[in-house]
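J.: Below you'll find protein35.txt; it's compact mmCIF, C-alpha atoms.
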```
# COMPACT_ATOMS: atom_id res chain seq x y z
CA MET L 1 3.63 13.45 11.18
CA ALA L 2 3.98 9.66 10.97
CA SER L 3 4.92 8.15 7.63
CA PRO L 4 2.03 6.41 5.85
CA TYR L 5 4.48 3.71 4.76
CA GLU L 6 5.91 0.85 6.80
CA CYS L 7 9.41 0.56 5.32
CA PHE L 8 10.20 4.00 3.92
CA GLU L 9 9.56 7.73 4.04
CA VAL L 10 8.91 9.94 1.01
CA SER L 11 9.39 13.67 0.56
CA VAL L 12 9.48 16.01 -2.45
CA GLU L 13 11.32 19.31 -2.69
CA ASP L 14 12.07 21.40 -5.79
CA SER L 15 10.86 18.64 -8.14
CA ILE L 16 13.17 16.03 -6.56
CA ALA L 17 11.70 13.16 -4.57
CA HIS L 18 13.56 11.41 -1.76
CA LEU L 19 12.56 7.89 -0.76
CA GLN L 20 14.38 6.69 2.36
CA LEU L 21 14.28 3.14 3.67
CA SER L 22 13.38 3.82 7.28
CA ARG L 23 13.87 0.68 9.38
CA PRO L 24 17.52 1.12 10.41
CA ASP L 25 16.99 -0.93 13.57
CA LYS L 26 15.98 -3.86 11.33
CA ALA L 27 18.74 -3.39 8.75
CA ASN L 28 16.11 -1.76 6.52
CA SER L 29 14.75 -5.21 5.75
CA LEU L 30 11.70 -5.31 3.50
CA THR L 31 8.41 -6.49 4.98
CA LEU L 32 5.37 -7.78 3.10
CA ALA L 33 3.88 -4.28 3.14
CA PHE L 34 6.84 -2.93 1.16
CA TRP L 35 5.81 -4.80 -1.98
CA SER L 36 2.40 -3.11 -2.02
CA GLU L 37 3.53 0.29 -0.80
CA LEU L 38 6.52 0.85 -3.09
CA PRO L 39 4.64 0.67 -6.41
CA GLN L 40 1.84 2.81 -4.96
CA ALA L 41 4.30 5.50 -3.87
CA ILE L 42 6.27 5.46 -7.13
CA ASP L 43 3.09 5.50 -9.22
CA GLN L 44 1.73 8.48 -7.29
CA LEU L 45 4.96 10.43 -7.77
CA SER L 46 5.14 9.50 -11.45
CA ARG L 47 1.54 10.38 -12.20
CA SER L 48 1.87 13.79 -10.58
CA GLY L 49 4.15 14.92 -13.41
CA LYS L 50 5.94 17.22 -10.97
CA VAL L 51 8.81 14.91 -9.97
CA ARG L 52 11.86 15.09 -12.24
CA ALA L 53 14.20 12.74 -10.37
CA LEU L 54 14.11 10.49 -7.31
CA VAL L 55 16.92 9.66 -4.87
CA LEU L 56 16.58 6.30 -3.12
CA SER L 57 18.62 6.11 0.08
CA ALA L 58 18.47 4.47 3.49
CA GLN L 59 18.75 5.45 7.13
CA GLY L 60 21.41 3.96 9.40
CA LYS L 61 24.58 2.04 8.57
CA VAL L 62 23.00 -0.73 6.47
CA PHE L 63 21.34 0.13 3.17
CA CYS L 64 19.21 -3.02 3.02
CA GLY L 65 19.57 -6.45 4.59
CA GLY L 66 17.09 -8.04 2.18
CA LEU L 67 13.71 -9.53 2.99
CA ASP L 68 12.46 -9.39 6.55
CA LEU L 69 12.91 -12.91 7.90
CA GLN L 70 9.35 -12.88 9.26
CA ILE L 71 8.16 -13.24 5.67
CA PHE L 72 9.74 -16.69 5.46
CA ALA L 73 8.25 -17.69 8.81
CA THR L 74 4.70 -16.43 8.31
CA SER L 75 3.98 -16.55 4.57
CA LYS L 76 2.39 -19.79 3.39
CA GLU L 77 3.80 -19.27 -0.11
CA PHE L 78 7.28 -20.13 1.12
CA HIS L 79 6.06 -23.47 2.44
CA ALA L 80 3.89 -24.54 -0.50
CA THR L 81 3.21 -28.28 -0.59
CA ASN L 82 0.78 -28.65 -3.49
CA ALA L 83 -0.08 -27.23 -6.90
CA VAL L 84 -2.71 -24.77 -5.61
CA GLU L 85 -0.31 -23.31 -3.07
CA ARG L 86 2.47 -23.12 -5.64
CA GLU L 87 0.20 -21.28 -8.05
CA ALA L 88 -0.39 -18.72 -5.29
CA MET L 89 3.36 -18.52 -4.77
CA GLN L 90 3.81 -17.64 -8.44
CA ALA L 91 1.28 -14.81 -8.12
CA GLY L 92 3.04 -13.53 -5.01
CA LEU L 93 6.46 -13.52 -6.68
CA GLU L 94 5.06 -11.73 -9.72
CA LYS L 95 3.65 -9.05 -7.41
CA MET L 96 7.05 -8.55 -5.79
CA GLN L 97 8.80 -8.42 -9.15
CA ASP L 98 6.28 -5.89 -10.41
CA ALA L 99 6.92 -3.68 -7.38
CA LEU L 100 10.53 -3.25 -8.52
CA ASN L 101 9.44 -2.88 -12.15
CA ALA L 102 7.65 0.28 -10.98
CA LEU L 103 11.06 1.96 -10.66
CA GLU L 104 11.66 1.38 -14.38
CA ARG L 105 8.14 2.46 -15.32
CA ALA L 106 8.50 5.79 -13.51
CA ARG L 107 8.58 8.82 -15.80
CA PHE L 108 11.68 10.13 -14.02
CA PRO L 109 15.15 8.66 -13.36
CA VAL L 110 15.76 6.90 -10.04
CA ILE L 111 19.17 7.31 -8.38
CA ALA L 112 20.16 4.79 -5.71
CA ALA L 113 22.53 6.06 -3.00
CA VAL L 114 23.96 3.04 -1.16
CA GLN L 115 25.76 3.90 2.07
CA GLY L 116 26.41 0.41 3.48
CA THR L 117 25.67 -3.27 3.01
CA CYS L 118 23.17 -4.02 0.25
CA VAL L 119 22.24 -7.69 -0.01
CA GLY L 120 19.43 -9.97 -1.16
CA ALA L 121 16.30 -8.08 -2.16
CA GLY L 122 18.22 -4.84 -1.60
CA PHE L 123 20.47 -5.76 -4.52
CA ASP L 124 17.37 -6.49 -6.63
CA LEU L 125 16.08 -3.06 -5.62
CA ILE L 126 19.09 -1.04 -6.71
CA ALA L 127 19.51 -3.09 -9.91
CA ALA L 128 16.16 -1.67 -11.05
CA CYS L 129 17.35 1.94 -10.60
CA ASP L 130 18.68 4.11 -13.42
CA LEU L 131 21.88 5.14 -11.62
CA CYS L 132 23.65 3.85 -8.55
CA PHE L 133 26.10 5.77 -6.37
CA ALA L 134 27.71 4.42 -3.21
CA SER L 135 29.94 5.28 -0.30
CA GLU L 136 33.29 3.56 0.09
CA ALA L 137 31.75 1.40 2.83
CA ALA L 138 29.12 -0.09 0.50
CA LYS L 139 29.05 -3.83 -0.16
CA PHE L 140 26.81 -5.83 -2.48
CA ARG L 141 25.91 -9.51 -2.36
CA ILE L 142 23.44 -11.89 -3.97
CA GLU L 143 22.61 -13.35 -0.59
CA GLU L 144 20.00 -15.81 -1.83
CA THR L 145 22.79 -18.12 -3.05
CA ASN L 146 24.13 -18.32 0.50
CA VAL L 147 20.78 -19.33 2.01
CA GLY L 148 20.01 -22.12 -0.42
CA MET L 149 17.81 -20.46 -3.03
CA MET L 150 17.84 -18.70 -6.38
CA ALA L 151 17.44 -14.93 -6.50
CA ASP L 152 14.07 -14.28 -8.11
CA LEU L 153 13.27 -10.55 -8.01
CA GLY L 154 15.33 -9.26 -10.93
CA VAL L 155 19.00 -9.07 -10.00
CA LEU L 156 19.89 -12.15 -12.10
CA GLN L 157 18.19 -10.61 -15.12
CA ARG L 158 19.36 -7.00 -14.70
CA LEU L 159 22.88 -7.36 -13.29
CA GLN L 160 24.32 -8.93 -16.45
CA HIS L 161 23.29 -5.77 -18.31
CA LEU L 162 25.00 -3.54 -15.73
CA ILE L 163 28.34 -5.33 -15.36
CA PRO L 164 30.17 -7.91 -17.53
CA ALA L 165 28.06 -11.06 -17.80
CA GLY L 166 30.87 -13.27 -16.52
CA ALA L 167 31.22 -11.18 -13.37
CA ALA L 168 27.45 -11.28 -12.84
CA ARG L 169 27.44 -15.08 -13.16
CA TYR L 170 30.34 -15.35 -10.70
CA LEU L 171 28.50 -13.27 -8.08
CA ALA L 172 25.27 -15.21 -8.59
CA LEU L 173 26.88 -18.63 -8.38
CA THR L 174 29.24 -17.99 -5.45
CA GLY L 175 27.36 -15.48 -3.29
CA ASP L 176 30.63 -13.55 -2.89
CA THR L 177 30.67 -9.94 -1.71
CA LEU L 178 31.35 -7.10 -4.14
CA ASP L 179 32.94 -4.04 -2.52
CA ALA L 180 32.43 -0.47 -3.71
CA SER L 181 35.74 -0.08 -5.53
CA GLU L 182 35.22 -3.28 -7.54
CA ALA L 183 31.57 -2.39 -8.19
CA PHE L 184 32.75 0.92 -9.63
CA ARG L 185 35.41 -0.76 -11.75
CA LEU L 186 32.84 -3.18 -13.18
CA GLY L 187 30.39 -0.39 -13.97
CA LEU L 188 27.65 -1.06 -11.41
CA LEU L 189 28.34 2.29 -9.76
CA ALA L 190 28.44 5.66 -11.49
CA ASN L 191 30.50 7.17 -8.66
CA VAL L 192 31.91 6.37 -5.21
CA PHE L 193 32.08 8.85 -2.34
CA PRO L 194 34.17 8.78 0.85
CA THR L 195 31.29 9.31 3.30
CA THR L 196 27.52 8.98 3.52
CA GLU L 197 27.20 12.76 3.63
CA ALA L 198 29.24 13.16 0.45
CA LEU L 199 27.22 10.35 -1.16
CA LEU L 200 23.91 12.08 -0.54
CA ASP L 201 25.32 15.43 -1.66
CA GLY L 202 26.51 13.79 -4.88
CA ALA L 203 23.23 11.98 -5.50
CA PHE L 204 21.15 15.12 -5.01
CA ALA L 205 23.55 17.19 -7.11
CA THR L 206 23.03 14.74 -9.98
CA ALA L 207 19.27 14.76 -9.39
CA ARG L 208 19.29 18.56 -9.64
CA ARG L 209 21.25 18.44 -12.90
CA ILE L 210 18.70 16.03 -14.33
CA ALA L 211 15.82 18.19 -13.04
CA GLU L 212 17.21 21.14 -15.02
CA ARG L 213 16.69 19.26 -18.29
CA PRO L 214 13.38 19.07 -20.19
CA PRO L 215 11.29 16.37 -18.45
CA VAL L 216 9.90 15.12 -21.77
CA ALA L 217 13.40 14.52 -23.12
CA ILE L 218 14.57 12.83 -19.90
CA SER L 219 11.54 10.55 -19.90
CA GLY L 220 12.23 9.66 -23.54
CA ILE L 221 15.92 8.91 -22.84
CA LYS L 222 14.97 6.57 -20.00
CA ARG L 223 12.38 4.75 -22.10
CA ALA L 224 14.70 4.42 -25.10
CA MET L 225 17.57 3.00 -23.07
CA LEU L 226 15.39 0.48 -21.23
CA TYR L 227 13.84 -0.66 -24.49
CA SER L 228 17.28 -1.02 -26.06
CA ARG L 229 18.45 -3.17 -23.15
CA ASP L 230 15.80 -5.77 -23.96
CA HIS L 231 15.72 -5.54 -27.78
CA GLY L 232 18.08 -5.62 -30.75
CA VAL L 233 19.72 -2.56 -32.31
CA TYR L 234 17.39 -2.37 -35.32
CA GLU L 235 14.22 -2.74 -33.21
CA SER L 236 15.55 -0.15 -30.77
CA LEU L 237 16.29 2.33 -33.54
CA GLN L 238 12.75 1.94 -34.87
CA HIS L 239 11.43 2.46 -31.34
CA THR L 240 13.54 5.63 -31.07
CA VAL L 241 12.06 6.95 -34.33
CA LEU L 242 8.58 6.64 -32.85
CA LEU L 243 9.63 8.12 -29.51
CA GLN L 244 11.46 11.06 -31.05
CA SER L 245 8.68 11.89 -33.47
CA ALA L 246 6.25 11.90 -30.54
CA LEU L 247 8.38 13.74 -27.98
CA LEU L 248 10.69 16.16 -29.81
CA SER L 249 10.06 19.73 -28.64
CA GLY L 250 11.51 22.61 -30.65
CA GLU L 251 10.62 24.98 -27.81
CA ASP L 252 12.65 22.95 -25.31
CA ILE L 253 15.63 22.87 -27.70
CA LEU L 254 15.47 26.65 -28.17
CA ARG L 255 15.25 27.23 -24.41
CA SER L 256 18.22 24.92 -23.82
CA VAL L 257 20.37 26.69 -26.43
CA GLN L 258 19.45 30.14 -25.11
CA ALA L 259 20.18 29.05 -21.54
CA ARG L 260 23.65 27.79 -22.49
CA ALA L 261 24.40 31.04 -24.34
CA SER L 262 23.26 33.22 -21.44
CA GLY L 263 24.59 31.07 -18.62
CA THR L 264 21.21 31.05 -16.90
CA PRO L 265 19.08 27.99 -16.16
CA ALA L 266 16.21 27.25 -18.51
CA ARG L 267 12.68 26.67 -17.30
CA PHE L 268 10.71 23.76 -18.68
CA ALA L 269 7.12 22.69 -18.17
CA ASP L 270 6.37 19.72 -15.93
CA LEU L 271 4.98 16.57 -17.43
CA ARG L 272 1.20 16.47 -17.51
CA GLU L 273 -0.51 14.93 -14.50
CA LEU L 274 -1.99 11.55 -15.32
CA GLY L 275 -5.34 10.29 -14.12
CA ARG L 276 -5.54 6.95 -12.35
CA THR L 277 -6.23 3.89 -14.44
CA LEU L 278 -8.99 1.43 -13.57
```
Once you've parsed the file, please lay out its structure as structure tokens.
T.:
Amino acid sequence: MASPYECFEVSVEDSIAHLQLSRPDKANSLTLAFWSELPQAIDQLSRSGKVRALVLSAQGKVFCGGLDLQIFATSKEFHATNAVEREAMQAGLEKMQDALNALERARFPVIAAVQGTCVGAGFDLIAACDLCFASEAAKFRIEETNVGMMADLGVLQRLQHLIPAGAARYLALTGDTLDASEAFRLGLLANVFPTTEALLDGAFATARRIAERPPVAISGIKRAMLYSRDHGVYESLQHTVLLQSALLSGEDILRSVQARASGTPARFADLRELGRTL
């Protein structure tokens, strides 16, 4: 069965979703369709309430080569010459940014598994994920600097919260390449694996561990940490008070304690399916 999406394929098994970038012959570059299809796919998975973690990987040797160059050639927004056209460009950029924001809005954690070169919009993509693993062959680069423009889809804003701010500024200003070992040392990567096969095994093993936890608690942890990234300590603590008072489940705590005592996995209810908004 053909994939309904242009740039990726999606599958779900045992509460774990797998989204694979699927244009290996084009370095998994991201076409215009990607920016509409990604938020639709993530929203559908999130609303189902049945997905507890998502692994984001790519086919072939290159994780993502950035934007498909045809976008620059065919999209009028990149050749705006007046105020009306530039206003449309702003709307287009906001749409692309919001597509990546969908990864943060998802009710489940997103784990990026980077097996090769990840540059340009690909770096923006993985910066919006909750965890990032990589193979030893992985390389990261803010490629926009090298082609005469400013990165504008989130990596400049998110990277300085993932690695030391000085290192993030250096990468943004120079366009230098960050290899996997240095990315791990700086904290961008949670783990590095010797091969692509080991990388995927590790990513799915982590996804399964997360899926064994109460989905309500996992969703709350993700929301609390993202809020704390963008707010002060006092505001974040107040936000946590509201989250905890809304989400704390005595039944889930009891099941977790009993499971640890017995050595058997606990079973937790899925999140409730959400209806579509207007």
J.: For Phe123 (chain L), which residue out of L:Arg158, L:His18, L:Arg52, L:Arg213 is the nearest one, using all atoms listed in the file?
T.: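 Among the listed residues, the smallest separation from Phe123 (chain L) belongs to L:Arg158.
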J.: L:Ala259, L:Ile210, L:Ala180, L:Ala127: which is nearest Ala53 (chain L), counting only C-alpha atoms?
T.: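 Selected residue with least distance to Ala53 (chain L): L:Ile210.
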J.: Taking 5 positions as the minimum chain separation for residues in the same chain, which residues sit within 7 Å of Ile142 (chain L) when counting all atoms listed in the file? Answer as a ChimeraX atom specification.
T.: /L:119-120,123,171-172,175
J.: Now that the selection is made, can you save its residues with C-alpha atoms as an mmCIF file, keeping the file's coordinate frame?
T.:
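As written to disk, part-v5.cif reads:
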```cif
data_model
loop_
_atom_site.group_PDB
_atom_site.id
_atom_site.type_symbol
_atom_site.label_atom_id
_atom_site.label_comp_id
_atom_site.auth_asym_id
_atom_site.auth_seq_id
_atom_site.Cartn_x
_atom_site.Cartn_y
_atom_site.Cartn_z
ATOM 1 C CA VAL L 119 22.240 -7.690 -0.010
ATOM 2 C CA GLY L 120 19.430 -9.970 -1.160
ATOM 3 C CA PHE L 123 20.470 -5.760 -4.520
ATOM 4 C CA LEU L 171 28.500 -13.270 -8.080
ATOM 5 C CA ALA L 172 25.270 -15.210 -8.590
ATOM 6 C CA GLY L 175 27.360 -15.480 -3.290
#
```
J.: Please, what distance in Å, to one decimal, runs between CA of Ala190 (chain L) and CA of Ala134 (chain L)?
T.: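 Separation of CA of Ala190 (chain L) and CA of Ala134 (chain L): 8.4 Å.
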J.: Separation of CA of Arg107 (chain L) and CA of Asp152 (chain L), in Å?
T.: 25.0 Å
J.: Between L:Thr31, L:Thr145, L:Gln20, L:Ser36, which has the minimum distance to Gln115 (chain L) (counting all atoms listed in the file)?
T.: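 Ranked by minimum distance to Gln115 (chain L), first place goes to L:Gln20.
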